[in-house]
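File shown: start.tsv. Contents: TSV, C-alpha atoms.
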chain	number	residue	atom	x	y	z
A	258	MET	CA	122.16	92.12	13.30
A	259	PHE	CA	122.11	93.38	16.85
A	260	LYS	CA	125.91	93.19	17.10
A	261	MET	CA	126.22	95.41	14.05
A	262	ILE	CA	123.71	97.91	15.48
A	263	LEU	CA	125.55	97.89	18.81
A	264	LYS	CA	128.88	98.57	17.09
A	265	LEU	CA	127.39	101.37	14.98
A	266	ALA	CA	125.81	102.94	18.06
A	267	TRP	CA	129.07	102.83	20.01
A	268	ASN	CA	131.09	104.38	17.17
A	269	ASN	CA	128.52	107.08	16.41
A	270	ALA	CA	128.03	108.00	20.07
A	271	PHE	CA	131.65	109.12	20.23
A	272	LEU	CA	131.96	110.23	16.60
A	273	ARG	CA	132.14	113.90	17.63
A	274	LEU	CA	134.35	113.24	20.64
A	275	SER	CA	134.70	116.81	21.89
A	276	ARG	CA	130.94	117.38	21.79
A	277	THR	CA	130.19	114.08	23.50
A	278	LEU	CA	132.82	114.67	26.18
A	279	LEU	CA	131.31	118.07	26.92
A	280	VAL	CA	127.92	116.44	27.60
A	281	ILE	CA	129.52	113.69	29.70
A	282	ILE	CA	131.31	116.30	31.82
A	283	MET	CA	128.09	118.29	32.18
A	284	ILE	CA	126.21	115.19	33.36
A	285	ALA	CA	129.02	114.14	35.70
A	286	VAL	CA	129.47	117.55	37.34
A	287	SER	CA	125.71	118.10	37.73
A	288	MET	CA	125.24	114.63	39.18
A	289	SER	CA	128.16	114.86	41.62
A	290	MET	CA	126.95	118.25	42.87
A	291	MET	CA	123.43	116.90	43.27
A	292	LEU	CA	124.68	113.89	45.25
A	293	SER	CA	126.82	116.13	47.46
A	294	ILE	CA	123.94	118.50	48.22
A	295	GLN	CA	121.58	115.61	48.94
A	296	GLY	CA	124.15	113.92	51.20
A	297	ILE	CA	124.85	117.18	53.09
A	298	TYR	CA	121.18	117.96	53.73
A	299	ASP	CA	120.37	114.39	54.73
A	300	GLY	CA	123.44	114.34	56.97
A	301	MET	CA	122.40	117.59	58.65
A	302	THR	CA	118.87	116.29	59.28
A	303	LEU	CA	120.09	112.93	60.56
A	304	ASN	CA	122.58	114.66	62.85
A	305	MET	CA	119.82	116.73	64.44
A	306	VAL	CA	117.59	113.68	64.79
A	307	ASN	CA	120.43	111.63	66.28
A	308	SER	CA	121.27	114.41	68.77
A	309	ALA	CA	117.65	114.60	69.92
A	310	LEU	CA	117.47	110.82	70.27
A	311	ARG	CA	120.68	110.60	72.28
A	312	SER	CA	120.28	113.66	74.46
A	313	ASP	CA	116.58	113.63	75.20
A	314	SER	CA	113.69	111.42	74.17
A	315	GLY	CA	115.21	108.28	72.66
A	316	GLU	CA	112.84	106.41	70.35
A	317	ILE	CA	110.19	106.22	73.11
A	318	SER	CA	109.54	108.27	76.25
A	319	ILE	CA	107.24	107.62	79.20
A	320	TYR	CA	105.70	110.44	81.26
A	321	ASN	CA	102.98	110.90	83.82
A	322	LYS	CA	99.79	111.71	81.89
A	323	ASN	CA	99.63	115.20	83.39
A	324	TYR	CA	103.32	116.07	83.37
A	325	ARG	CA	103.75	117.54	79.88
A	326	LEU	CA	100.82	119.91	80.47
A	327	ASP	CA	101.74	120.82	84.04
A	328	LYS	CA	105.40	120.20	84.89
A	329	GLN	CA	104.98	120.02	88.65
A	330	ILE	CA	106.62	117.59	91.06
A	331	VAL	CA	103.22	116.07	91.87
A	332	ASN	CA	102.97	114.93	88.25
A	333	ASP	CA	105.93	112.57	88.28
A	334	ILE	CA	106.01	108.80	87.65
A	335	GLN	CA	105.63	107.10	91.02
A	336	ASN	CA	106.85	103.60	90.17
A	337	ALA	CA	109.75	104.52	87.88
A	338	GLY	CA	112.10	101.94	89.41
A	339	GLU	CA	109.78	99.02	88.65
A	340	ILE	CA	109.09	100.25	85.11
A	341	CYS	CA	112.80	100.66	84.44
A	342	ALA	CA	113.56	97.15	85.73
A	343	ASP	CA	110.86	95.65	83.51
A	344	LEU	CA	112.10	97.53	80.46
A	345	GLU	CA	115.70	96.44	80.99
A	346	ASN	CA	114.55	92.82	80.89
A	347	ASN	CA	112.91	93.37	77.51
A	348	PRO	CA	115.21	92.08	74.72
A	349	SER	CA	113.96	94.79	72.34
A	350	VAL	CA	115.19	97.56	74.64
A	351	LYS	CA	118.78	98.66	74.03
A	352	ALA	CA	119.06	101.23	76.84
A	353	VAL	CA	116.92	103.04	79.41
A	354	SER	CA	117.51	106.41	81.06
A	355	VAL	CA	115.60	107.63	84.12
A	356	ARG	CA	115.53	111.40	84.56
A	357	TYR	CA	114.03	113.84	87.03
A	358	SER	CA	113.51	117.41	85.85
A	359	VAL	CA	112.05	120.57	87.40
A	360	GLU	CA	111.90	124.16	86.25
A	361	GLY	CA	113.52	126.94	88.20
A	362	LEU	CA	115.91	129.87	88.17
A	363	SER	CA	119.67	129.67	87.68
A	364	ALA	CA	121.56	132.72	88.92
A	365	THR	CA	125.06	134.07	89.37
A	366	ALA	CA	126.13	137.33	90.96
A	367	ARG	CA	125.48	139.17	87.67
A	368	LYS	CA	123.05	137.13	85.57
A	369	ALA	CA	119.95	134.97	85.96
A	370	SER	CA	117.95	132.77	83.62
A	371	PHE	CA	115.05	130.37	83.77
A	372	SER	CA	116.30	126.81	83.31
A	373	ASN	CA	115.54	123.15	83.89
A	374	ILE	CA	117.54	121.22	86.43
A	375	ILE	CA	117.79	117.57	85.35
A	376	GLY	CA	118.93	114.76	87.58
A	377	ILE	CA	120.69	112.00	85.64
A	378	ASP	CA	122.94	109.01	86.18
A	379	LEU	CA	126.10	109.46	84.09
A	380	GLU	CA	126.59	105.73	83.57
A	381	GLU	CA	123.02	105.39	82.29
A	382	GLU	CA	123.38	108.39	79.98
A	383	GLU	CA	126.66	107.14	78.57
A	384	LYS	CA	125.07	103.84	77.66
A	385	PHE	CA	121.94	105.58	76.42
A	386	GLY	CA	123.52	108.13	74.10
A	387	ALA	CA	127.30	108.42	74.60
A	388	PHE	CA	126.74	111.51	76.76
A	389	SER	CA	130.45	112.29	77.09
A	390	LYS	CA	130.62	113.08	73.36
A	391	PHE	CA	128.48	116.16	73.98
A	392	LEU	CA	131.20	117.69	76.15
A	393	LYS	CA	132.38	121.02	74.75
A	394	GLU	CA	134.52	122.21	77.63
A	395	GLY	CA	135.62	120.96	81.06
A	396	GLU	CA	134.88	117.43	82.26
A	397	ILE	CA	131.94	115.09	82.76
A	398	SER	CA	131.81	115.06	86.54
A	399	PHE	CA	129.42	115.76	89.41
A	400	GLU	CA	132.06	115.78	92.14
A	401	LYS	CA	131.66	118.33	94.96
A	402	ARG	CA	128.23	119.50	93.82
A	403	GLY	CA	129.33	119.70	90.23
A	404	ALA	CA	126.96	120.59	87.42
A	405	LEU	CA	126.93	120.41	83.63
A	406	LEU	CA	125.41	123.30	81.69
A	407	GLY	CA	124.04	123.60	78.18
A	408	ALA	CA	126.29	125.76	76.00
A	409	GLU	CA	123.69	128.48	75.35
A	410	LEU	CA	122.69	128.63	79.03
A	411	ALA	CA	126.37	129.04	79.97
A	412	LYS	CA	126.59	131.98	77.54
A	413	THR	CA	123.46	133.56	79.00
A	414	LEU	CA	124.75	133.26	82.55
A	415	LYS	CA	128.29	134.23	81.44
A	416	VAL	CA	129.83	131.35	83.39
A	417	ARG	CA	132.87	129.21	82.68
A	418	ILE	CA	134.46	126.10	84.14
A	419	GLY	CA	134.80	126.57	87.90
A	420	SER	CA	132.12	129.26	88.16
A	421	LYS	CA	129.52	128.99	90.89
A	422	LEU	CA	125.78	129.43	90.52
A	423	ILE	CA	122.60	129.09	92.54
A	424	PHE	CA	119.56	127.16	91.35
A	425	SER	CA	116.23	127.90	93.03
A	426	THR	CA	112.92	126.08	92.71
A	427	GLN	CA	109.97	124.78	94.69
A	428	ASP	CA	110.57	121.48	96.47
A	429	LYS	CA	108.04	118.78	97.31
A	430	SER	CA	106.89	120.52	100.48
A	431	GLY	CA	106.05	123.66	98.50
A	432	ASP	CA	108.91	125.74	99.89
A	433	ILE	CA	111.38	127.66	97.71
A	434	ASN	CA	114.70	125.88	98.05
A	435	SER	CA	118.13	126.67	96.62
A	436	ILE	CA	121.26	124.69	95.89
A	437	ALA	CA	124.77	125.99	95.22
A	438	LEU	CA	126.54	124.32	92.30
A	439	LYS	CA	129.93	124.51	90.61
A	440	VAL	CA	130.25	124.32	86.83
A	441	ARG	CA	132.29	121.23	85.92
A	442	GLY	CA	131.49	121.03	82.25
A	443	ILE	CA	129.70	122.69	79.36
A	444	ILE	CA	127.88	120.48	76.87
A	445	GLN	CA	126.56	121.15	73.38
A	446	THR	CA	124.02	118.69	72.03
A	447	ASN	CA	122.61	120.77	69.14
A	448	ASN	CA	119.25	120.23	70.82
A	449	LEU	CA	117.98	123.75	71.48
A	450	VAL	CA	115.84	122.83	74.49
A	451	ILE	CA	118.84	121.33	76.27
A	452	ASP	CA	121.53	123.76	75.14
A	453	GLN	CA	119.45	126.78	76.15
A	454	ARG	CA	117.94	125.56	79.43
A	455	ALA	CA	119.54	122.37	80.77
A	456	LEU	CA	121.42	122.20	84.05
A	457	TYR	CA	122.48	118.63	84.85
A	458	ILE	CA	123.32	117.33	88.32
A	459	GLU	CA	123.54	113.88	89.88
A	460	ARG	CA	120.09	112.30	90.16
A	461	LYS	CA	120.52	111.23	93.79
A	462	GLN	CA	121.52	114.76	94.71
A	463	LEU	CA	118.43	116.19	93.02
A	464	TYR	CA	116.18	113.71	94.85
A	465	GLU	CA	117.66	114.88	98.13
A	466	PHE	CA	117.38	118.56	97.18
A	467	LEU	CA	113.71	118.26	96.19
A	468	GLY	CA	112.78	115.84	98.95
A	469	VAL	CA	111.19	113.34	96.55
A	470	ASP	CA	111.22	109.55	96.55
A	471	THR	CA	114.12	107.92	94.74
A	472	ASN	CA	111.66	105.59	93.01
A	473	THR	CA	110.17	108.47	91.01
A	474	ALA	CA	111.00	110.15	87.69
A	475	THR	CA	109.58	112.73	85.34
A	476	GLN	CA	110.78	110.90	82.22
A	477	ILE	CA	111.84	107.40	81.28
A	478	ALA	CA	113.56	107.44	77.90
A	479	ILE	CA	114.06	104.26	75.86
A	480	ARG	CA	116.40	103.36	72.99
A	481	THR	CA	115.23	100.60	70.66
A	482	ASP	CA	115.32	99.41	67.05
A	483	ASP	CA	111.91	97.75	67.29
A	484	ASP	CA	109.23	100.03	65.80
A	485	ALA	CA	106.47	97.85	67.23
A	486	LEU	CA	107.72	98.19	70.83
A	487	ILE	CA	105.80	101.42	71.44
A	488	ASN	CA	102.47	99.61	71.02
A	489	THR	CA	103.52	97.01	73.58
A	490	ILE	CA	104.61	99.69	76.07
A	491	LYS	CA	101.38	101.65	75.59
A	492	LYS	CA	99.39	98.54	76.51
A	493	GLU	CA	101.55	97.61	79.51
A	494	TYR	CA	101.70	101.13	80.96
A	495	SER	CA	98.33	102.52	79.93
A	496	GLU	CA	98.22	104.63	83.10
A	497	GLN	CA	101.21	106.61	81.79
A	498	GLU	CA	101.68	108.75	78.70
A	499	VAL	CA	103.85	106.98	76.12
A	500	LYS	CA	105.16	109.04	73.18
A	501	SER	CA	107.32	108.21	70.19
A	502	PHE	CA	110.20	110.38	69.04
A	503	LEU	CA	108.24	111.88	66.15
A	504	GLU	CA	105.29	112.70	68.40
A	505	LEU	CA	107.61	114.61	70.72
A	506	ASN	CA	109.56	116.30	67.91
A	507	PRO	CA	107.09	117.24	65.15
A	508	LEU	CA	109.37	120.03	63.90
A	509	LEU	CA	112.11	117.56	63.07
A	510	LYS	CA	109.58	115.50	61.11
A	511	GLN	CA	108.58	118.63	59.21
A	512	MET	CA	112.23	119.38	58.54
A	513	GLU	CA	112.75	115.86	57.17
A	514	ASP	CA	109.76	116.33	54.86
A	515	MET	CA	111.08	119.70	53.70
A	516	MET	CA	114.46	118.17	52.91
A	517	VAL	CA	112.77	115.44	50.86
A	518	ILE	CA	110.94	118.12	48.87
A	519	PHE	CA	114.08	120.18	48.42
A	520	ASN	CA	116.10	117.15	47.28
A	521	SER	CA	113.31	116.19	44.88
A	522	ILE	CA	113.36	119.65	43.33
A	523	THR	CA	117.15	119.57	42.99
A	524	PHE	CA	116.95	116.08	41.49
A	525	THR	CA	114.33	117.19	38.95
A	526	ILE	CA	116.36	120.23	37.90
A	527	VAL	CA	119.52	118.17	37.38
A	528	MET	CA	117.64	115.55	35.37
A	529	LEU	CA	116.15	118.30	33.18
A	530	VAL	CA	119.68	119.56	32.52
A	531	VAL	CA	120.74	116.01	31.62
A	532	PHE	CA	117.70	115.62	29.37
A	533	ILE	CA	118.36	118.88	27.52
A	534	GLY	CA	122.07	118.10	27.19
A	535	ILE	CA	121.55	114.67	25.66
A	536	LEU	CA	118.67	115.97	23.50
A	537	GLY	CA	120.91	118.67	22.03
A	538	VAL	CA	123.75	116.28	21.26
A	539	MET	CA	121.51	113.63	19.72
A	540	TYR	CA	119.51	116.11	17.65
A	541	VAL	CA	122.64	117.75	16.22
A	542	SER	CA	124.21	114.33	15.67
A	543	ILE	CA	121.17	113.14	13.69
A	544	LEU	CA	121.09	116.31	11.60
A	545	ASP	CA	124.79	115.80	10.79
A	546	ARG	CA	124.06	112.23	9.64
A	547	ILE	CA	120.69	112.74	8.00
A	548	ARG	CA	122.00	111.63	4.59
A	549	GLU	CA	123.51	108.52	6.20
A	550	PHE	CA	120.14	107.59	7.69
A	551	GLY	CA	118.42	108.30	4.40
A	552	ILE	CA	120.75	105.93	2.56
A	553	MET	CA	120.29	103.26	5.25
A	554	ARG	CA	116.53	103.54	4.91
A	555	GLY	CA	116.92	103.46	1.10
A	556	ILE	CA	118.85	100.18	1.10
A	557	GLY	CA	116.16	98.53	3.21
A	558	MET	CA	117.22	99.01	6.84
A	559	ALA	CA	114.11	98.91	9.01
A	560	TYR	CA	113.14	101.95	11.08
A	561	ASN	CA	113.07	99.73	14.18
A	562	HIS	CA	116.78	98.99	13.74
A	563	LEU	CA	117.60	102.68	13.35
A	564	ARG	CA	115.51	103.47	16.40
A	565	THR	CA	117.40	100.87	18.44
A	566	GLN	CA	120.71	102.35	17.28
A	567	ILE	CA	119.69	105.89	18.31
A	568	PHE	CA	118.45	104.68	21.70
A	569	LEU	CA	121.75	102.88	22.29
A	570	GLU	CA	123.76	105.97	21.31
A	571	ALA	CA	121.86	108.08	23.83
A	572	LEU	CA	122.28	105.39	26.50
A	573	PHE	CA	126.04	105.21	25.93
A	574	VAL	CA	126.36	108.97	26.39
A	575	GLY	CA	124.09	108.99	29.44
A	576	LEU	CA	125.74	106.01	31.11
A	577	ALA	CA	129.21	107.41	30.46
A	578	GLY	CA	128.17	110.62	32.22
A	579	TYR	CA	126.55	108.61	35.02
A	580	SER	CA	129.71	106.52	35.56
A	581	VAL	CA	131.97	109.55	35.85
A	582	GLY	CA	129.41	111.38	38.01
A	583	ALA	CA	128.97	108.37	40.33
A	584	ILE	CA	132.72	108.18	40.89
A	585	LEU	CA	133.04	111.93	41.53
A	586	GLY	CA	129.95	111.90	43.76
A	587	PHE	CA	131.16	108.91	45.77
A	588	PHE	CA	134.53	110.48	46.56
A	589	ALA	CA	132.92	113.85	47.31
A	590	LEU	CA	130.48	112.25	49.75
A	591	TYR	CA	133.21	110.09	51.26
A	592	TYR	CA	135.30	113.19	51.92
A	593	LEU	CA	132.31	115.01	53.44
A	594	GLN	CA	131.51	111.94	55.56
A	595	GLU	CA	135.02	111.78	56.98
A	596	THR	CA	136.01	115.45	57.15
A	597	GLY	CA	132.68	117.24	57.09
A	598	LEU	CA	131.72	120.67	55.84
A	599	ASN	CA	133.15	123.24	58.26
A	600	LEU	CA	130.78	126.17	58.74
A	601	SER	CA	132.38	127.55	61.91
A	602	THR	CA	132.26	131.05	60.36
A	603	TYR	CA	128.49	130.91	60.89
A	604	ALA	CA	128.71	129.13	64.27
A	605	GLU	CA	126.49	131.54	66.23
A	606	GLY	CA	123.74	131.59	63.62
A	607	MET	CA	123.76	127.82	63.22
A	608	ALA	CA	123.75	127.25	66.98
A	609	SER	CA	120.60	129.38	67.25
A	610	PHE	CA	118.89	126.84	64.98
A	611	GLY	CA	120.35	123.84	66.78
A	612	MET	CA	122.74	122.95	63.97
A	613	PRO	CA	126.36	121.79	64.35
A	614	THR	CA	129.19	123.89	62.89
A	615	ILE	CA	130.63	120.87	61.10
A	616	ILE	CA	128.10	119.01	58.96
A	617	TYR	CA	128.89	115.43	57.97
A	618	ALA	CA	127.31	114.03	54.84
A	619	HIS	CA	125.19	110.92	54.63
A	620	GLN	CA	125.49	108.39	51.83
A	621	GLU	CA	123.01	105.77	50.65
A	622	PHE	CA	122.86	103.32	47.76
A	623	SER	CA	119.48	104.79	46.78
A	624	TYR	CA	121.21	108.03	45.76
A	625	TYR	CA	122.99	106.17	42.97
A	626	SER	CA	120.20	103.77	42.01
A	627	ASN	CA	117.59	106.54	41.69
A	628	THR	CA	119.99	108.64	39.65
A	629	PHE	CA	120.79	105.67	37.42
A	630	TYR	CA	117.13	105.06	36.58
A	631	ALA	CA	116.54	108.77	36.03
A	632	ILE	CA	119.50	109.15	33.66
A	633	VAL	CA	118.47	106.06	31.68
A	634	LEU	CA	114.93	107.45	31.40
A	635	SER	CA	116.24	110.92	30.43
A	636	SER	CA	118.50	109.38	27.80
A	637	LEU	CA	115.65	107.40	26.23
A	638	LEU	CA	113.19	110.31	26.29
A	639	SER	CA	115.72	112.73	24.84
A	640	VAL	CA	115.79	110.92	21.48
A	641	LEU	CA	112.03	110.86	20.89
A	642	LEU	CA	112.07	114.20	19.06
A	643	PRO	CA	115.06	113.32	16.83
A	644	LEU	CA	113.46	109.95	16.08
A	645	ARG	CA	110.39	111.69	14.66
A	646	LYS	CA	112.61	113.29	12.03
A	647	ILE	CA	114.02	109.90	11.02
A	648	LYS	CA	110.61	108.23	11.02
A	649	HIS	CA	109.22	110.71	8.52
A	650	LEU	CA	112.38	110.69	6.43
A	651	HIS	CA	112.00	110.09	2.67
A	652	PRO	CA	115.27	108.59	1.40
A	653	ILE	CA	114.87	109.83	-2.21
A	654	ASP	CA	114.28	113.43	-1.08
A	655	VAL	CA	117.37	113.32	1.15
A	656	ILE	CA	119.60	111.94	-1.63
A	657	LYS	CA	118.25	114.47	-4.14
A	658	ALA	CA	118.74	117.34	-1.73
A	659	ASP	CA	122.33	116.27	-1.16
A	660	THR	CA	123.26	116.10	-4.86

Whole structure, structure tokens version:
Amino acid sequence: MFKMILKLAWNNAFLRLSRTLLVIIMIAVSMSMMLSIQGIYDGMTLNMVNSALRSDSGEISIYNKNYRLDKQIVNDIQNAGEICADLENNPSVKAVSVRYSVEGLSATARKASFSNIIGIDLEEEEKFGAFSKFLKEGEISFEKRGALLGAELAKTLKVRIGSKLIFSTQDKSGDINSIALKVRGIIQTNNLVIDQRALYIERKQLYEFLGVDTNTATQIAIRTDDDALINTIKKEYSEQEVKSFLELNPLLKQMEDMMVIFNSITFTIVMLVVFIGILGVMYVSILDRIREFGIMRGIGMAYNHLRTQIFLEALFVGLAGYSVGAILGFFALYYLQETGLNLSTYAEGMASFGMPTIIYAHQEFSYYSNTFYAIVLSSLLSVLLPLRKIKHLHPIDVIKADT
């Protein structure tokens, strides 16, 4: 019996081929657009998170307990070398970066801007977050008092590769000291704090300039895949302040939550469109075949069998639309993953929000699985109203009305 119902459902689902194809195309186009939008927004958020992880805090950062409230030299980490050595021996730690940062004034002959001078080790930073990939112009080099500037800071100071600048700040003795630097490279991390204020020089050179001990640091950043590691570090270094990425970047967490809400709204709208589309097709299809159903009920076919047939018809239409939409969505996301969405026309506006000009999409299996369940549910719910008409159908009245 089920084979007969299955065959009837398949034939009737595509009985009005043009009408059914129109619904399939509607489902497929809506679904592929939804997947593309979701992939683009997730990709944009992940890109910003990844940039912040690589260029600044990592998954975990260690500071002196007073440093983040009062960024003075006296509030640095005194035993940074020992902490770094211990962390590097931890199998859960992928990479460690030791940085020394102070606030000051960067100036050229024509412009000046408050900035942060950050002493780094290029080899450490490359291992930590592929630092060289942030290079926008010039070269990654600290030769002959070379410096690397954030892209927005370079614009503010109106400097280019080869330009000279003076950085002034208070050293350890309390005196105002200055250092002359030459711009070797301009970097763009899409991390606003760095792009707008960062001035990188060699860490050893900064130690010498400030007159501080080489065993000190203002930040120790850690890369790891172990979510439980932060609890271990907090216990081992209780005299320091240990913060996770999300604690240091609450705005990015809020942005992630907003994107989840936005994607949920988009998902709901698309599923409502699918629901209405299938509902319309099934309702019209049942009205066209009302005499057929009346005769089937008259010759003894159980309502349960008719109900199963209608459910299967709706599922065939929904799954056909899902299949085409999944294929279109996959290739759209694949293209956006490889090529990206170029928004260079809006480069200045996007840079002001810390967003890249080329956005690469993200793709997950959950996009397709969630959509599959939603389309199956929409297909089944869409036939409840038409089924009420069949349930209350009186075969004799239908046959009389038709004669």

- Task: Using all atoms listed in the file, pick whichever of A:Ala583, A:Met288, A:Leu641, A:Ile632 has the shortest atom-to-atom distance to A:Thr565.
- Result: A:Leu641

- Query: In Å to one decimal, how far is atom CA of A:Thr365 from atom CA of A:Ser420?
  - Reply: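 Answer for the atom CA of A:Ser420 to atom CA of A:Thr365 separation: 8.6 Å.
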
- Task: Taking the point (123.4, 109.9, 88.8) as given in the file, collect each protein or nucleic acid residue that comes within 7 Å of it, counting all atoms listed in the file, and present the set as an NGL selection string.
- Result: :A and (376-379 or 459-461)

- Note on the structure: Of A:Leu505, A:Ile615, A:Leu362, A:Leu637, the one sitting nearest A:Asn447 when using only C-alpha atoms is A:Ile615

- Would you please work out which residue, of A:Phe524, A:Phe568, A:Phe399, A:Tyr464, is nearest to A:Val359 when using only C-alpha atoms? A:Tyr464

- Message: Can you pull out the residues contacting stretch 339-342 of chain A? Cut-off 12 Å, using all atoms listed in the file, and skip same-chain residues under 3 positions away; I want them as a ChimeraX atom specification.
- Response: /A:318-320,334-336,345-347,350,352-356,381,471-474,476-479,490,493-494,496-497

- Message: What's around A:Leu405 at 12 Å? Count only C-alpha atoms, leave out sequence neighbours fewer than 5 positions away in its own chain, and write the answer as JSON, numbers by chain.
- Response: {"A": [373, 374, 375, 376, 377, 379, 388, 389, 391, 392, 393, 394, 395, 396, 397, 398, 399, 400, 410, 411, 416, 417, 418, 419, 420, 421, 422, 438, 439, 440, 441, 442, 443, 444, 445, 451, 452, 454, 455, 456, 457, 458, 459]}

Selection file, C-alpha atoms, as a PDB file, keeping the file's coordinate frame:
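Below is the file out-v3.pdb, written as the result:
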ATOM      1  CA  ASN A 373     115.540 123.150  83.890  1.00  0.00           C
ATOM      2  CA  ILE A 374     117.540 121.220  86.430  1.00  0.00           C
ATOM      3  CA  ILE A 375     117.790 117.570  85.350  1.00  0.00           C
ATOM      4  CA  GLY A 376     118.930 114.760  87.580  1.00  0.00           C
ATOM      5  CA  ILE A 377     120.690 112.000  85.640  1.00  0.00           C
ATOM      6  CA  LEU A 379     126.100 109.460  84.090  1.00  0.00           C
ATOM      7  CA  PHE A 388     126.740 111.510  76.760  1.00  0.00           C
ATOM      8  CA  SER A 389     130.450 112.290  77.090  1.00  0.00           C
ATOM      9  CA  PHE A 391     128.480 116.160  73.980  1.00  0.00           C
ATOM     10  CA  LEU A 392     131.200 117.690  76.150  1.00  0.00           C
ATOM     11  CA  LYS A 393     132.380 121.020  74.750  1.00  0.00           C
ATOM     12  CA  GLU A 394     134.520 122.210  77.630  1.00  0.00           C
ATOM     13  CA  GLY A 395     135.620 120.960  81.060  1.00  0.00           C
ATOM     14  CA  GLU A 396     134.880 117.430  82.260  1.00  0.00           C
ATOM     15  CA  ILE A 397     131.940 115.090  82.760  1.00  0.00           C
ATOM     16  CA  SER A 398     131.810 115.060  86.540  1.00  0.00           C
ATOM     17  CA  PHE A 399     129.420 115.760  89.410  1.00  0.00           C
ATOM     18  CA  GLU A 400     132.060 115.780  92.140  1.00  0.00           C
ATOM     19  CA  LEU A 410     122.690 128.630  79.030  1.00  0.00           C
ATOM     20  CA  ALA A 411     126.370 129.040  79.970  1.00  0.00           C
ATOM     21  CA  VAL A 416     129.830 131.350  83.390  1.00  0.00           C
ATOM     22  CA  ARG A 417     132.870 129.210  82.680  1.00  0.00           C
ATOM     23  CA  ILE A 418     134.460 126.100  84.140  1.00  0.00           C
ATOM     24  CA  GLY A 419     134.800 126.570  87.900  1.00  0.00           C
ATOM     25  CA  SER A 420     132.120 129.260  88.160  1.00  0.00           C
ATOM     26  CA  LYS A 421     129.520 128.990  90.890  1.00  0.00           C
ATOM     27  CA  LEU A 422     125.780 129.430  90.520  1.00  0.00           C
ATOM     28  CA  LEU A 438     126.540 124.320  92.300  1.00  0.00           C
ATOM     29  CA  LYS A 439     129.930 124.510  90.610  1.00  0.00           C
ATOM     30  CA  VAL A 440     130.250 124.320  86.830  1.00  0.00           C
ATOM     31  CA  ARG A 441     132.290 121.230  85.920  1.00  0.00           C
ATOM     32  CA  GLY A 442     131.490 121.030  82.250  1.00  0.00           C
ATOM     33  CA  ILE A 443     129.700 122.690  79.360  1.00  0.00           C
ATOM     34  CA  ILE A 444     127.880 120.480  76.870  1.00  0.00           C
ATOM     35  CA  GLN A 445     126.560 121.150  73.380  1.00  0.00           C
ATOM     36  CA  ILE A 451     118.840 121.330  76.270  1.00  0.00           C
ATOM     37  CA  ASP A 452     121.530 123.760  75.140  1.00  0.00           C
ATOM     38  CA  ARG A 454     117.940 125.560  79.430  1.00  0.00           C
ATOM     39  CA  ALA A 455     119.540 122.370  80.770  1.00  0.00           C
ATOM     40  CA  LEU A 456     121.420 122.200  84.050  1.00  0.00           C
ATOM     41  CA  TYR A 457     122.480 118.630  84.850  1.00  0.00           C
ATOM     42  CA  ILE A 458     123.320 117.330  88.320  1.00  0.00           C
ATOM     43  CA  GLU A 459     123.540 113.880  89.880  1.00  0.00           C
TER      44      GLU A 459
END

Which residues are close to stretch 303-310 of chain A, i.e. within 7 Å by all atoms listed in the file, leaving aside same-chain residues fewer than 3 positions away? Reply as an mmCIF file with C-alpha atoms, in the frame of the given file.
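The new file out.cif reads:
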data_model
loop_
_atom_site.group_PDB
_atom_site.id
_atom_site.type_symbol
_atom_site.label_atom_id
_atom_site.label_comp_id
_atom_site.auth_asym_id
_atom_site.auth_seq_id
_atom_site.Cartn_x
_atom_site.Cartn_y
_atom_site.Cartn_z
ATOM 1 C CA ASP A 299 120.370 114.390 54.730
ATOM 2 C CA GLY A 300 123.440 114.340 56.970
ATOM 3 C CA ASP A 313 116.580 113.630 75.200
ATOM 4 C CA SER A 314 113.690 111.420 74.170
ATOM 5 C CA GLY A 315 115.210 108.280 72.660
ATOM 6 C CA GLU A 316 112.840 106.410 70.350
ATOM 7 C CA THR A 446 124.020 118.690 72.030
ATOM 8 C CA ASN A 447 122.610 120.770 69.140
ATOM 9 C CA ASN A 448 119.250 120.230 70.820
ATOM 10 C CA LEU A 509 112.110 117.560 63.070
ATOM 11 C CA MET A 612 122.740 122.950 63.970
#

- Query: Pick the closest to A:Ser430 from A:Gln329, A:Gln295, A:Ser287, A:Gln594: which is it, counting all atoms listed in the file?
  - Reply: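 With all atoms listed in the file as the atom set, the closest residue is A:Gln329.
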
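Ranking A:Ser349, A:Ser495, A:Thr302, A:Gln427 by their shortest atom-to-atom distance to A:Asn321, with all atoms listed in the file included, puts A:Ser495 first.
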
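Separating atom CA of A:Tyr357 from atom CA of A:Asp484 is a distance of 25.8 Å.
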
- Selection near A:Tyr630, 12 Å with only C-alpha atoms, sequence-local residues under 6 positions removed, as an NGL selection string: :A and (528 or 572 or 575-576 or 579 or 623-624 or 636-637)

- Can you pull out every residue within 12 Å of A:Leu544, counting all atoms listed in the file, but drop anything in the same chain fewer than 6 positions away, and send it as a PyMOL selection string? chain A and resi 537-538+550-551+642-644+646-647+650+655

Just write the chosen residues, C-alpha atoms, as a tab-separated table (two decimals), in the frame of the given file.
chain	number	residue	atom	x	y	z
A	537	GLY	CA	120.91	118.67	22.03
A	538	VAL	CA	123.75	116.28	21.26
A	550	PHE	CA	120.14	107.59	7.69
A	551	GLY	CA	118.42	108.30	4.40
A	642	LEU	CA	112.07	114.20	19.06
A	643	PRO	CA	115.06	113.32	16.83
A	644	LEU	CA	113.46	109.95	16.08
A	646	LYS	CA	112.61	113.29	12.03
A	647	ILE	CA	114.02	109.90	11.02
A	650	LEU	CA	112.38	110.69	6.43
A	655	VAL	CA	117.37	113.32	1.15
